[in-house]
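Engineer: If it helps, the file is called work.pdb and holds PDB, C-alpha atoms and all ligand atoms:
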```pdb
MODEL        1
ATOM      1  CA  MET A   1     -12.797 -17.830  31.025
ATOM      2  CA  TRP A   2     -11.169 -20.997  29.786
ATOM      3  CA  ASN A   3      -7.465 -21.563  30.331
ATOM      4  CA  ASP A   4      -7.093 -24.148  27.644
ATOM      5  CA  ASP A   5      -6.189 -22.223  24.522
ATOM      6  CA  SER A   6      -6.610 -25.236  22.281
ATOM      7  CA  ASP A   7     -10.327 -25.199  23.033
ATOM      8  CA  GLN A   8     -10.931 -21.603  22.046
ATOM      9  CA  THR A   9     -13.349 -20.859  19.269
ATOM     10  CA  ASP A  10     -12.337 -19.243  16.001
ATOM     11  CA  TRP A  11     -15.554 -17.280  15.796
ATOM     12  CA  ALA A  12     -13.935 -13.889  16.229
ATOM     13  CA  VAL A  13     -15.168 -11.288  13.804
ATOM     14  CA  THR A  14     -12.441 -10.316  11.350
ATOM     15  CA  GLU A  15     -11.257  -6.755  10.794
ATOM     16  CA  ALA A  16     -13.454  -6.596   7.741
ATOM     17  CA  GLY A  17     -16.380  -7.348  10.070
ATOM     18  CA  VAL A  18     -17.074 -10.735   8.532
ATOM     19  CA  ALA A  19     -17.148 -13.836  10.732
ATOM     20  CA  PRO A  20     -15.095 -16.664   9.209
ATOM     21  CA  PRO A  21     -16.925 -19.986   8.872
ATOM     22  CA  ALA A  22     -16.793 -22.084  12.044
ATOM     23  CA  PRO A  23     -14.480 -25.079  11.696
ATOM     24  CA  ARG A  24     -16.198 -28.444  11.548
ATOM     25  CA  PHE A  25     -15.472 -29.344  15.132
ATOM     26  CA  LEU A  26     -18.002 -32.159  15.441
ATOM     27  CA  GLN A  27     -18.950 -34.225  12.415
ATOM     28  CA  ILE A  28     -21.804 -36.710  12.431
ATOM     29  CA  GLN A  29     -21.881 -38.827   9.306
ATOM     30  CA  GLY A  30     -24.659 -41.193   8.222
ATOM     31  CA  LEU A  31     -25.697 -42.197  11.721
ATOM     32  CA  ALA A  32     -28.379 -44.908  12.038
ATOM     33  CA  LYS A  33     -29.737 -46.859  14.974
ATOM     34  CA  ALA A  34     -31.878 -49.966  14.669
ATOM     35  CA  TYR A  35     -33.124 -52.170  17.484
ATOM     36  CA  VAL A  36     -35.242 -54.004  14.898
ATOM     37  CA  PRO A  37     -33.189 -54.220  11.672
ATOM     38  CA  ALA A  38     -36.093 -53.510   9.301
ATOM     39  CA  ARG A  39     -37.303 -50.545  11.322
ATOM     40  CA  PRO A  40     -34.404 -48.285  12.298
ATOM     41  CA  VAL A  41     -35.345 -45.587  14.795
ATOM     42  CA  PHE A  42     -33.425 -43.133  12.603
ATOM     43  CA  ALA A  43     -31.115 -43.299   9.604
ATOM     44  CA  ASP A  44     -28.916 -41.023   7.476
ATOM     45  CA  VAL A  45     -28.378 -38.526  10.260
ATOM     46  CA  SER A  46     -25.550 -36.219   9.246
ATOM     47  CA  PHE A  47     -24.688 -32.782  10.555
ATOM     48  CA  ASP A  48     -21.740 -30.705  11.740
ATOM     49  CA  ILE A  49     -21.300 -28.483  14.766
ATOM     50  CA  GLY A  50     -18.801 -25.643  14.680
ATOM     51  CA  ARG A  51     -16.468 -24.904  17.568
ATOM     52  CA  GLY A  52     -18.228 -22.584  19.993
ATOM     53  CA  GLU A  53     -21.620 -23.237  18.441
ATOM     54  CA  PHE A  54     -24.811 -23.987  20.415
ATOM     55  CA  VAL A  55     -27.052 -26.493  18.631
ATOM     56  CA  CYS A  56     -30.438 -27.649  19.929
ATOM     57  CA  ILE A  57     -32.399 -30.642  18.673
ATOM     58  CA  ILE A  58     -36.195 -30.705  18.835
ATOM     59  CA  GLY A  59     -38.542 -33.548  17.948
ATOM     60  CA  HIS A  60     -41.349 -35.616  19.378
ATOM     61  CA  SER A  61     -40.850 -38.303  21.961
ATOM     62  CA  GLY A  62     -39.241 -41.467  20.598
ATOM     63  CA  CYS A  63     -37.642 -39.981  17.458
ATOM     64  CA  GLY A  64     -34.187 -40.781  18.794
ATOM     65  CA  LYS A  65     -32.770 -37.546  20.263
ATOM     66  CA  THR A  66     -31.366 -39.150  23.406
ATOM     67  CA  THR A  67     -29.925 -41.991  21.360
ATOM     68  CA  ILE A  68     -28.048 -39.488  19.181
ATOM     69  CA  LEU A  69     -26.790 -37.624  22.263
ATOM     70  CA  ASN A  70     -25.658 -40.889  23.845
ATOM     71  CA  VAL A  71     -23.776 -41.823  20.686
ATOM     72  CA  LEU A  72     -22.059 -38.398  20.708
ATOM     73  CA  ALA A  73     -21.223 -38.988  24.383
ATOM     74  CA  GLY A  74     -19.814 -42.424  23.547
ATOM     75  CA  LEU A  75     -22.328 -44.034  25.918
ATOM     76  CA  ASP A  76     -24.143 -45.867  23.098
ATOM     77  CA  THR A  77     -23.084 -47.152  19.711
ATOM     78  CA  ALA A  78     -24.762 -46.478  16.400
ATOM     79  CA  SER A  79     -25.780 -49.324  14.062
ATOM     80  CA  SER A  80     -23.924 -47.480  11.330
ATOM     81  CA  GLY A  81     -22.256 -44.134  10.748
ATOM     82  CA  HIS A  82     -19.478 -42.196  12.410
ATOM     83  CA  VAL A  83     -18.925 -39.364  14.872
ATOM     84  CA  PHE A  84     -15.705 -37.353  14.759
ATOM     85  CA  MET A  85     -14.740 -34.746  17.310
ATOM     86  CA  ASP A  86     -11.761 -32.547  16.587
ATOM     87  CA  GLY A  87     -10.771 -34.960  13.820
ATOM     88  CA  ARG A  88     -10.831 -38.076  16.022
ATOM     89  CA  GLU A  89     -13.533 -40.738  15.933
ATOM     90  CA  VAL A  90     -15.637 -41.000  19.095
ATOM     91  CA  ARG A  91     -15.496 -44.616  20.263
ATOM     92  CA  GLY A  92     -16.419 -44.389  23.929
ATOM     93  CA  PRO A  93     -17.020 -41.976  26.785
ATOM     94  CA  GLY A  94     -14.334 -39.408  27.569
ATOM     95  CA  LEU A  95     -13.718 -36.457  29.840
ATOM     96  CA  GLU A  96     -13.431 -34.159  26.832
ATOM     97  CA  ARG A  97     -17.239 -34.446  26.631
ATOM     98  CA  GLY A  98     -19.337 -33.300  29.601
ATOM     99  CA  VAL A  99     -22.860 -34.688  29.871
ATOM    100  CA  VAL A 100     -25.768 -33.250  31.882
ATOM    101  CA  PHE A 101     -28.908 -35.377  32.131
ATOM    102  CA  GLN A 102     -32.388 -34.386  33.210
ATOM    103  CA  SER A 103     -31.905 -36.293  36.443
ATOM    104  CA  HIS A 104     -28.844 -34.664  38.000
ATOM    105  CA  ALA A 105     -26.685 -37.743  38.668
ATOM    106  CA  LEU A 106     -24.964 -36.513  41.829
ATOM    107  CA  MET A 107     -23.442 -38.786  44.439
ATOM    108  CA  PRO A 108     -25.828 -38.392  47.403
ATOM    109  CA  TRP A 109     -23.217 -39.114  50.082
ATOM    110  CA  LEU A 110     -20.918 -36.320  48.898
ATOM    111  CA  THR A 111     -21.328 -32.558  49.352
ATOM    112  CA  VAL A 112     -21.526 -30.167  46.401
ATOM    113  CA  ARG A 113     -17.814 -29.435  46.863
ATOM    114  CA  GLN A 114     -16.923 -33.138  46.982
ATOM    115  CA  ASN A 115     -19.110 -34.045  43.986
ATOM    116  CA  ILE A 116     -17.374 -31.491  41.808
ATOM    117  CA  ALA A 117     -13.918 -32.216  43.253
ATOM    118  CA  PHE A 118     -14.417 -35.894  42.408
ATOM    119  CA  ALA A 119     -14.896 -35.066  38.725
ATOM    120  CA  ILE A 120     -11.945 -32.652  38.712
ATOM    121  CA  LYS A 121      -9.651 -35.240  40.331
ATOM    122  CA  SER A 122     -10.685 -37.793  37.705
ATOM    123  CA  ARG A 123      -9.824 -35.300  34.966
ATOM    124  CA  TRP A 124      -6.553 -34.037  36.474
ATOM    125  CA  PRO A 125      -5.323 -36.688  38.969
ATOM    126  CA  GLU A 126      -2.005 -34.875  39.368
ATOM    127  CA  TRP A 127      -3.535 -31.646  40.687
ATOM    128  CA  PRO A 128      -2.704 -30.739  44.323
ATOM    129  CA  ALA A 129      -5.635 -30.323  46.743
ATOM    130  CA  ALA A 130      -5.323 -26.533  46.877
ATOM    131  CA  LYS A 131      -5.614 -26.230  43.107
ATOM    132  CA  VAL A 132      -8.646 -28.541  43.092
ATOM    133  CA  ARG A 133     -10.271 -26.396  45.779
ATOM    134  CA  VAL A 134      -9.807 -23.144  43.880
ATOM    135  CA  HIS A 135     -11.154 -24.741  40.717
ATOM    136  CA  VAL A 136     -14.221 -26.190  42.504
ATOM    137  CA  GLU A 137     -15.031 -22.832  44.068
ATOM    138  CA  ARG A 138     -14.681 -21.000  40.772
ATOM    139  CA  PHE A 139     -17.337 -23.146  39.109
ATOM    140  CA  VAL A 140     -19.629 -23.299  42.137
ATOM    141  CA  ALA A 141     -19.522 -19.497  42.239
ATOM    142  CA  MET A 142     -20.273 -19.417  38.519
ATOM    143  CA  VAL A 143     -23.655 -21.073  39.138
ATOM    144  CA  GLY A 144     -24.278 -18.998  42.284
ATOM    145  CA  LEU A 145     -24.089 -21.855  44.768
ATOM    146  CA  MET A 146     -21.300 -20.801  47.136
ATOM    147  CA  PRO A 147     -23.697 -20.641  50.117
ATOM    148  CA  ALA A 148     -24.561 -24.319  49.531
ATOM    149  CA  ILE A 149     -21.087 -25.621  48.716
ATOM    150  CA  ASP A 150     -20.802 -27.840  51.798
ATOM    151  CA  LYS A 151     -24.343 -29.202  51.604
ATOM    152  CA  LYS A 152     -25.335 -32.648  50.390
ATOM    153  CA  PRO A 153     -27.729 -33.104  47.431
ATOM    154  CA  SER A 154     -30.601 -34.073  49.784
ATOM    155  CA  GLN A 155     -30.403 -30.573  51.295
ATOM    156  CA  LEU A 156     -30.770 -28.854  47.892
ATOM    157  CA  SER A 157     -33.766 -28.025  45.697
ATOM    158  CA  GLY A 158     -34.112 -29.615  42.241
ATOM    159  CA  GLY A 159     -32.903 -26.412  40.590
ATOM    160  CA  MET A 160     -29.853 -26.243  42.839
ATOM    161  CA  LYS A 161     -28.982 -29.866  42.125
ATOM    162  CA  GLN A 162     -29.248 -29.186  38.425
ATOM    163  CA  ARG A 163     -26.863 -26.240  38.826
ATOM    164  CA  VAL A 164     -24.387 -28.534  40.550
ATOM    165  CA  GLY A 165     -24.611 -30.883  37.555
ATOM    166  CA  ILE A 166     -23.944 -27.969  35.208
ATOM    167  CA  ALA A 167     -21.029 -26.702  37.351
ATOM    168  CA  ARG A 168     -19.545 -30.192  37.408
ATOM    169  CA  ALA A 169     -19.828 -30.571  33.641
ATOM    170  CA  PHE A 170     -18.168 -27.165  33.098
ATOM    171  CA  ALA A 171     -15.493 -27.751  35.728
ATOM    172  CA  ILE A 172     -13.872 -30.532  33.727
ATOM    173  CA  GLN A 173     -13.573 -28.060  30.843
ATOM    174  CA  PRO A 174     -14.955 -30.384  28.215
ATOM    175  CA  LYS A 175     -14.465 -29.627  24.560
ATOM    176  CA  MET A 176     -18.154 -30.363  24.111
ATOM    177  CA  LEU A 177     -21.128 -30.095  26.439
ATOM    178  CA  LEU A 178     -24.001 -32.536  25.857
ATOM    179  CA  LEU A 179     -27.252 -31.591  27.592
ATOM    180  CA  ASP A 180     -30.267 -33.924  27.638
ATOM    181  CA  GLU A 181     -33.256 -31.785  28.641
ATOM    182  CA  PRO A 182     -31.280 -30.361  31.544
ATOM    183  CA  PHE A 183     -34.116 -28.106  32.707
ATOM    184  CA  GLY A 184     -37.004 -30.475  32.043
ATOM    185  CA  ALA A 185     -37.813 -31.127  35.692
ATOM    186  CA  LEU A 186     -37.609 -27.507  36.852
ATOM    187  CA  ASP A 187     -40.404 -25.022  37.530
ATOM    188  CA  ALA A 188     -40.723 -22.148  35.051
ATOM    189  CA  LEU A 189     -39.054 -19.522  37.230
ATOM    190  CA  THR A 190     -36.012 -21.629  38.113
ATOM    191  CA  ARG A 191     -35.787 -22.795  34.533
ATOM    192  CA  GLY A 192     -35.637 -19.215  33.277
ATOM    193  CA  THR A 193     -32.939 -18.258  35.767
ATOM    194  CA  ILE A 194     -30.762 -21.258  34.942
ATOM    195  CA  GLN A 195     -31.259 -20.793  31.197
ATOM    196  CA  GLU A 196     -29.850 -17.288  31.556
ATOM    197  CA  GLU A 197     -26.969 -18.515  33.707
ATOM    198  CA  LEU A 198     -26.159 -21.200  31.187
ATOM    199  CA  MET A 199     -26.342 -18.717  28.330
ATOM    200  CA  THR A 200     -23.952 -16.339  30.111
ATOM    201  CA  ILE A 201     -21.461 -19.095  30.950
ATOM    202  CA  VAL A 202     -21.583 -20.556  27.442
ATOM    203  CA  ARG A 203     -21.063 -17.145  25.836
ATOM    204  CA  GLU A 204     -18.202 -16.283  28.212
ATOM    205  CA  THR A 205     -16.434 -19.588  27.727
ATOM    206  CA  GLN A 206     -17.324 -20.049  24.049
ATOM    207  CA  GLN A 207     -18.336 -23.588  24.883
ATOM    208  CA  THR A 208     -19.608 -25.917  22.152
ATOM    209  CA  VAL A 209     -23.009 -27.316  23.129
ATOM    210  CA  PHE A 210     -25.456 -29.932  21.834
ATOM    211  CA  MET A 211     -28.734 -29.828  23.723
ATOM    212  CA  ILE A 212     -32.040 -31.701  23.593
ATOM    213  CA  THR A 213     -35.121 -29.714  24.487
ATOM    214  CA  HIS A 214     -38.877 -29.936  24.020
ATOM    215  CA  ASP A 215     -39.249 -26.213  24.651
ATOM    216  CA  VAL A 216     -39.362 -24.145  21.450
ATOM    217  CA  ASP A 217     -38.625 -20.853  23.233
ATOM    218  CA  GLU A 218     -35.683 -22.404  25.050
ATOM    219  CA  ALA A 219     -34.222 -23.503  21.711
ATOM    220  CA  ILE A 220     -34.768 -20.047  20.182
ATOM    221  CA  LEU A 221     -33.184 -18.364  23.200
ATOM    222  CA  LEU A 222     -30.106 -20.561  23.405
ATOM    223  CA  ALA A 223     -29.342 -22.089  20.023
ATOM    224  CA  ASP A 224     -27.418 -20.788  17.039
ATOM    225  CA  ARG A 225     -29.001 -23.564  14.983
ATOM    226  CA  ILE A 226     -31.961 -25.839  15.689
ATOM    227  CA  LEU A 227     -32.212 -29.361  14.292
ATOM    228  CA  LEU A 228     -35.786 -30.468  13.595
ATOM    229  CA  MET A 229     -36.114 -34.234  13.862
ATOM    230  CA  HIS A 230     -39.007 -36.357  12.590
ATOM    231  CA  ASN A 231     -40.121 -39.749  13.881
ATOM    232  CA  GLY A 232     -39.913 -43.012  11.997
ATOM    233  CA  ALA A 233     -43.335 -44.033  10.592
ATOM    234  CA  ASP A 234     -45.124 -46.338   8.212
ATOM    235  CA  ALA A 235     -45.714 -44.502   4.949
ATOM    236  CA  ALA A 236     -47.299 -45.410   1.606
ATOM    237  CA  GLY A 237     -44.010 -46.723   0.247
ATOM    238  CA  GLY A 238     -43.179 -48.694   3.402
ATOM    239  CA  TYR A 239     -41.467 -47.833   6.671
ATOM    240  CA  ARG A 240     -39.514 -44.560   6.729
ATOM    241  CA  PRO A 241     -36.972 -44.185   9.530
ATOM    242  CA  GLY A 242     -36.729 -41.041  11.619
ATOM    243  CA  GLY A 243     -34.126 -38.411  10.829
ATOM    244  CA  ILE A 244     -33.241 -34.756  10.603
ATOM    245  CA  SER A 245     -35.801 -32.872   8.503
ATOM    246  CA  GLU A 246     -34.243 -29.452   8.724
ATOM    247  CA  MET A 247     -31.422 -27.455  10.238
ATOM    248  CA  VAL A 248     -32.835 -24.034  11.097
ATOM    249  CA  VAL A 249     -30.416 -21.143  11.508
ATOM    250  CA  ASN A 250     -31.417 -18.774  14.298
ATOM    251  CA  PRO A 251     -31.340 -15.283  12.756
ATOM    252  CA  LEU A 252     -31.893 -13.403  16.047
ATOM    253  CA  PRO A 253     -29.022 -11.348  17.524
ATOM    254  CA  ARG A 254     -26.805 -13.361  19.859
ATOM    255  CA  ASP A 255     -27.273 -10.922  22.737
ATOM    256  CA  ARG A 256     -30.975 -11.829  22.978
ATOM    257  CA  THR A 257     -32.429 -12.395  26.431
ATOM    258  CA  ARG A 258     -35.557 -14.099  27.720
ATOM    259  CA  THR A 259     -37.250 -10.770  28.327
ATOM    260  CA  THR A 260     -36.440  -9.257  24.920
ATOM    261  CA  LEU A 261     -36.862 -12.402  22.826
ATOM    262  CA  HIS A 262     -40.502 -11.968  21.834
ATOM    263  CA  HIS A 263     -39.996  -8.306  20.907
ATOM    264  CA  LEU A 264     -37.368  -9.140  18.293
ATOM    265  CA  SER A 265     -38.390  -9.071  14.666
ATOM    266  CA  GLY A 266     -37.959 -12.561  13.311
ATOM    267  CA  TYR A 267     -38.977 -14.231  16.574
ATOM    268  CA  TYR A 268     -42.572 -15.099  15.648
ATOM    269  CA  PRO A 269     -41.802 -16.382  12.120
ATOM    270  CA  LEU A 270     -39.079 -18.625  13.588
ATOM    271  CA  ARG A 271     -41.311 -19.848  16.398
ATOM    272  CA  ASN A 272     -44.224 -20.484  14.014
ATOM    273  CA  HIS A 273     -41.949 -22.414  11.663
ATOM    274  CA  ILE A 274     -40.790 -24.750  14.422
ATOM    275  CA  VAL A 275     -44.263 -25.199  15.920
ATOM    276  CA  ASP A 276     -45.714 -25.910  12.455
ATOM    277  CA  PHE A 277     -43.050 -28.550  11.969
ATOM    278  CA  LEU A 278     -43.894 -30.216  15.274
ATOM    279  CA  VAL A 279     -47.638 -30.078  14.656
ATOM    280  CA  SER A 280     -47.824 -31.085  11.020
ATOM    281  CA  ARG A 281     -44.555 -32.531   9.745
ATOM    282  CA  ALA A 282     -42.644 -34.229  12.559
ATOM    283  CA  HIS A 283     -44.867 -37.294  12.375
ATOM    284  CA  ALA A 284     -45.856 -37.141   8.693
ATOM    285  CA  HIS A 285     -43.795 -38.021   5.638
TER     286      HIS A 285
HETATM  287  N1  LIG B 301     -32.639 -50.490  24.513
HETATM  288  C1  LIG B 301     -33.644 -50.277  23.671
HETATM  289  N2  LIG B 301     -34.264 -51.325  23.060
HETATM  290  C2  LIG B 301     -35.264 -51.104  22.176
HETATM  291  N3  LIG B 301     -35.716 -49.890  21.833
HETATM  292  C3  LIG B 301     -35.147 -48.834  22.414
HETATM  293  C4  LIG B 301     -34.085 -48.954  23.341
HETATM  294  N4  LIG B 301     -33.694 -47.714  23.734
HETATM  295  C5  LIG B 301     -34.500 -46.846  23.071
HETATM  296  N5  LIG B 301     -35.361 -47.517  22.285
HETATM  297  C6  LIG B 301     -36.363 -46.932  21.394
HETATM  298  O1  LIG B 301     -35.693 -46.018  20.525
HETATM  299  C7  LIG B 301     -36.526 -44.914  20.260
HETATM  300  C8  LIG B 301     -35.756 -43.641  20.464
HETATM  301  O2  LIG B 301     -35.542 -43.453  21.872
HETATM  302  P1  LIG B 301     -34.894 -42.101  22.429
HETATM  303  O3  LIG B 301     -34.897 -42.180  23.905
HETATM  304  O4  LIG B 301     -33.611 -41.862  21.745
HETATM  305  O5  LIG B 301     -35.967 -41.029  21.918
HETATM  306  P2  LIG B 301     -36.136 -39.498  22.305
HETATM  307  O6  LIG B 301     -36.411 -38.778  21.035
HETATM  308  O7  LIG B 301     -34.987 -39.041  23.119
HETATM  309  O8  LIG B 301     -37.452 -39.531  23.189
HETATM  310  P3  LIG B 301     -37.884 -38.615  24.460
HETATM  311  O9  LIG B 301     -38.102 -37.247  23.913
HETATM  312  O10 LIG B 301     -39.151 -39.245  24.918
HETATM  313  O11 LIG B 301     -36.780 -38.676  25.475
HETATM  314  C9  LIG B 301     -37.774 -45.054  21.114
HETATM  315  O12 LIG B 301     -38.815 -45.555  20.319
HETATM  316  C10 LIG B 301     -37.365 -46.065  22.146
HETATM  317  O13 LIG B 301     -38.481 -46.831  22.545
ENDMDL
END
```
Represent the structure from my file as structure tokens, please.
Structural biologist:
Amino acid sequence: MWNDDSDQTDWAVTEAGVAPPAPRFLQIQGLAKAYVPARPVFADVSFDIGRGEFVCIIGHSGCGKTTILNVLAGLDTASSGHVFMDGREVRGPGLERGVVFQSHALMPWLTVRQNIAFAIKSRWPEWPAAKVRVHVERFVAMVGLMPAIDKKPSQLSGGMKQRVGIARAFAIQPKMLLLDEPFGALDALTRGTIQEELMTIVRETQQTVFMITHDVDEAILLADRILLMHNGADAAGGYRPGGISEMVVNPLPRDRTRTTLHHLSGYYPLRNHIVDFLVSRAHAH
């Protein structure tokens, strides 16, 4: 569990059994990105993410999902609009946001232990070596990689490397985890295992997550809410930029698992709604 009390979610159920509304931890206001001024990739993108919430974004290739994630990470700038995290405007990258990309960006000359220790030492330069070691091992154990802790990335499978990336992102205890198709390159079996690991860790740590995926079932399994994003396109009235069409609330119980998901009532209507969007509305206006 997290040590940092300031990062804890307020999503506890009250004595009356009613969950209070999640605070507006991340606020995205009127975001637009244009490489060609007359044809912005997307415009008017506004949404909030509550503390401890897991939000997925789904849309066809090129609609701008990675661009939005990069703006949230502070790795890219928007043409207009604002991003606030915990009341402060995001103006550049920071260790309070952990990013995991599809290609696990590990340093090939360092072992798993050293890769994660490097991130921890950047975050807490004052920590003594023994404290760093305990912290590294805690997060390596969390993703089940203790047997491989002293191996280099070249000695690991793709799934193992991706777990190292996830452990590293968690180890710096970010206020927000940003995941860009983190399981995209994995085979179905490994993907399923890591999805469940991620779900367990996120639930235990009440981590706030924004994740891009192309996999509808992955979004339904993991997300509390799913943003459906349409592409920019030429329409009868002229060019219409891409944007968020809908924010779908996942009504399924939070203790859902991969194996029970498709038995839950509400699963098929939700899945059909998202697939219908992708098939018939994500490109049309
Ligand atoms: N540096 C750039 N210069 C010009 N156009 C760019 C640049 N970077 C991205 N784009 C364009 O912006 C659009 C959005 O790209 P982005 O990668 O955000 O989409 P995406 O929804 O994440 O796509 P995918 O699902 O394929 O990863 C694309 O049409 C892309 O070609």
Engineer: Determine the nearest neighbour of Ser265 (chain A) from the options A:Met146, A:Leu252, A:Val136, A:Ala167, counting only C-alpha atoms.
Structural biologist: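 Smallest separation from Ser265 (chain A) among the options: A:Leu252.
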Engineer: Contacts of region 273-283 of chain A at 12 Å or less, counting all atoms listed in the file, minus same-chain residues fewer than 6 places along, as a PyMOL selection string?
Structural biologist: chain A and resi 57-63+214-217+219-220+225-235+240-250+266-267
Engineer: How would the residues just picked look written out with C-alpha atoms as a PDB file, keeping the file's coordinate frame?
Structural biologist:
```
ATOM      1  CA  ILE A  57     -32.399 -30.642  18.673  1.00  0.00           C
ATOM      2  CA  ILE A  58     -36.195 -30.705  18.835  1.00  0.00           C
ATOM      3  CA  GLY A  59     -38.542 -33.548  17.948  1.00  0.00           C
ATOM      4  CA  HIS A  60     -41.349 -35.616  19.378  1.00  0.00           C
ATOM      5  CA  SER A  61     -40.850 -38.303  21.961  1.00  0.00           C
ATOM      6  CA  GLY A  62     -39.241 -41.467  20.598  1.00  0.00           C
ATOM      7  CA  CYS A  63     -37.642 -39.981  17.458  1.00  0.00           C
ATOM      8  CA  HIS A 214     -38.877 -29.936  24.020  1.00  0.00           C
ATOM      9  CA  ASP A 215     -39.249 -26.213  24.651  1.00  0.00           C
ATOM     10  CA  VAL A 216     -39.362 -24.145  21.450  1.00  0.00           C
ATOM     11  CA  ASP A 217     -38.625 -20.853  23.233  1.00  0.00           C
ATOM     12  CA  ALA A 219     -34.222 -23.503  21.711  1.00  0.00           C
ATOM     13  CA  ILE A 220     -34.768 -20.047  20.182  1.00  0.00           C
ATOM     14  CA  ARG A 225     -29.001 -23.564  14.983  1.00  0.00           C
ATOM     15  CA  ILE A 226     -31.961 -25.839  15.689  1.00  0.00           C
ATOM     16  CA  LEU A 227     -32.212 -29.361  14.292  1.00  0.00           C
ATOM     17  CA  LEU A 228     -35.786 -30.468  13.595  1.00  0.00           C
ATOM     18  CA  MET A 229     -36.114 -34.234  13.862  1.00  0.00           C
ATOM     19  CA  HIS A 230     -39.007 -36.357  12.590  1.00  0.00           C
ATOM     20  CA  ASN A 231     -40.121 -39.749  13.881  1.00  0.00           C
ATOM     21  CA  GLY A 232     -39.913 -43.012  11.997  1.00  0.00           C
ATOM     22  CA  ALA A 233     -43.335 -44.033  10.592  1.00  0.00           C
ATOM     23  CA  ASP A 234     -45.124 -46.338   8.212  1.00  0.00           C
ATOM     24  CA  ALA A 235     -45.714 -44.502   4.949  1.00  0.00           C
ATOM     25  CA  ARG A 240     -39.514 -44.560   6.729  1.00  0.00           C
ATOM     26  CA  PRO A 241     -36.972 -44.185   9.530  1.00  0.00           C
ATOM     27  CA  GLY A 242     -36.729 -41.041  11.619  1.00  0.00           C
ATOM     28  CA  GLY A 243     -34.126 -38.411  10.829  1.00  0.00           C
ATOM     29  CA  ILE A 244     -33.241 -34.756  10.603  1.00  0.00           C
ATOM     30  CA  SER A 245     -35.801 -32.872   8.503  1.00  0.00           C
ATOM     31  CA  GLU A 246     -34.243 -29.452   8.724  1.00  0.00           C
ATOM     32  CA  MET A 247     -31.422 -27.455  10.238  1.00  0.00           C
ATOM     33  CA  VAL A 248     -32.835 -24.034  11.097  1.00  0.00           C
ATOM     34  CA  VAL A 249     -30.416 -21.143  11.508  1.00  0.00           C
ATOM     35  CA  ASN A 250     -31.417 -18.774  14.298  1.00  0.00           C
ATOM     36  CA  GLY A 266     -37.959 -12.561  13.311  1.00  0.00           C
ATOM     37  CA  TYR A 267     -38.977 -14.231  16.574  1.00  0.00           C
TER      38      TYR A 267
END
```
Engineer: Can you list, as a list in words, the residues that the PyMOL selection byres (((chain A and resi 166) around 10) and not hetatm) selects here?
Structural biologist: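 Applied to this file, the PyMOL selection byres (((chain A and resi 166) around 10) and not hetatm) returns Gly98, Val99, Val100, Phe101, His104, Ile116, Phe139, Val140, Met142, Val143, Met160, Lys161, Gln162, Arg163, Val164, Gly165, Ala167, Arg168, Ala169, Phe170, Ala171, Leu177, Leu179, Pro182, Ile194 and Leu198 of chain A.
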Engineer: For CA of Asp180 (chain A) and CA of His262 (chain A), determine how far apart the two atoms are, in Å to one decimal place.
Structural biologist: 24.9 Å
Engineer: Just so the selection is clear, what residues does the PyMOL selection byres (((chain A and resi 181) around 6) and not hetatm) cover here, as a PyMOL selection string?
Structural biologist: chain A and resi 102+180+182-184+212-213
Engineer: Report as a list of chain:residue names all protein, DNA and RNA residues lying within 8 Å of Val45 (chain A), evaluated on only C-alpha atoms, omitting residues in the same chain fewer than 3 positions from it.
Structural biologist: A:Ile28, A:Gln29, A:Gly30, A:Leu31, A:Ala32, A:Phe42, A:Gly243, A:Ile244
Engineer: In Å, rounded to a single decimal, give me how far CA of Thr208 (chain A) is from CA of Ala43 (chain A).
Structural biologist: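 The value is 24.3 Å.
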Engineer: If I take CA of Gly64 (chain A) and atom O3 of ligand LIG 301 (chain B), how far is one from the other in Å, to one decimal?
Structural biologist: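 Taking CA of Gly64 (chain A) as the start and atom O3 of ligand LIG 301 (chain B) as the end point, the length is 5.3 Å.
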Engineer: With all atoms listed in the file as the atoms that count, which of A:Ala78, A:Leu69, A:Ile49, A:Val83 lies nearest to ligand LIG 301 (chain B)?
Structural biologist: A:Leu69
Engineer: Here is a test: counting all atoms listed in the file, which residue of A:Val55, A:Val202, A:Arg258, A:Met211 is nearest to ligand LIG 301 (chain B)?
Structural biologist: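 The shortest atom-to-atom distance to ligand LIG 301 (chain B) comes from A:Met211.
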Engineer: Taking all atoms of region 40-50 of chain A that appear in the file, build a box with edges along x, y and z, extend it by 5 Å on every side, and state its centre and edge lengths in Å to one decimal, as AutoDock Vina command-line options.
Structural biologist:
```
--center_x -27.1 --center_y -37.0 --center_z 11.1 --size_x 26.5 --size_y 32.6 --size_z 17.3
```
Engineer: Using all atoms listed in the file, find the one residue out of A:Lys121, A:Pro251, A:Ile149, A:Thr67 that sits nearest to Pro269 (chain A).
Structural biologist: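 Ranked by minimum distance to Pro269 (chain A), first place goes to A:Pro251.
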Engineer: Go through A:Cys56, A:Met85, A:Leu75, A:Leu95 one by one, measure the shortest atom-to-atom distance of each to Gln27 (chain A) using all atoms listed in the file, and give the residue with the smallest value.
Structural biologist: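 Smallest distance to Gln27 (chain A) is found for A:Met85.
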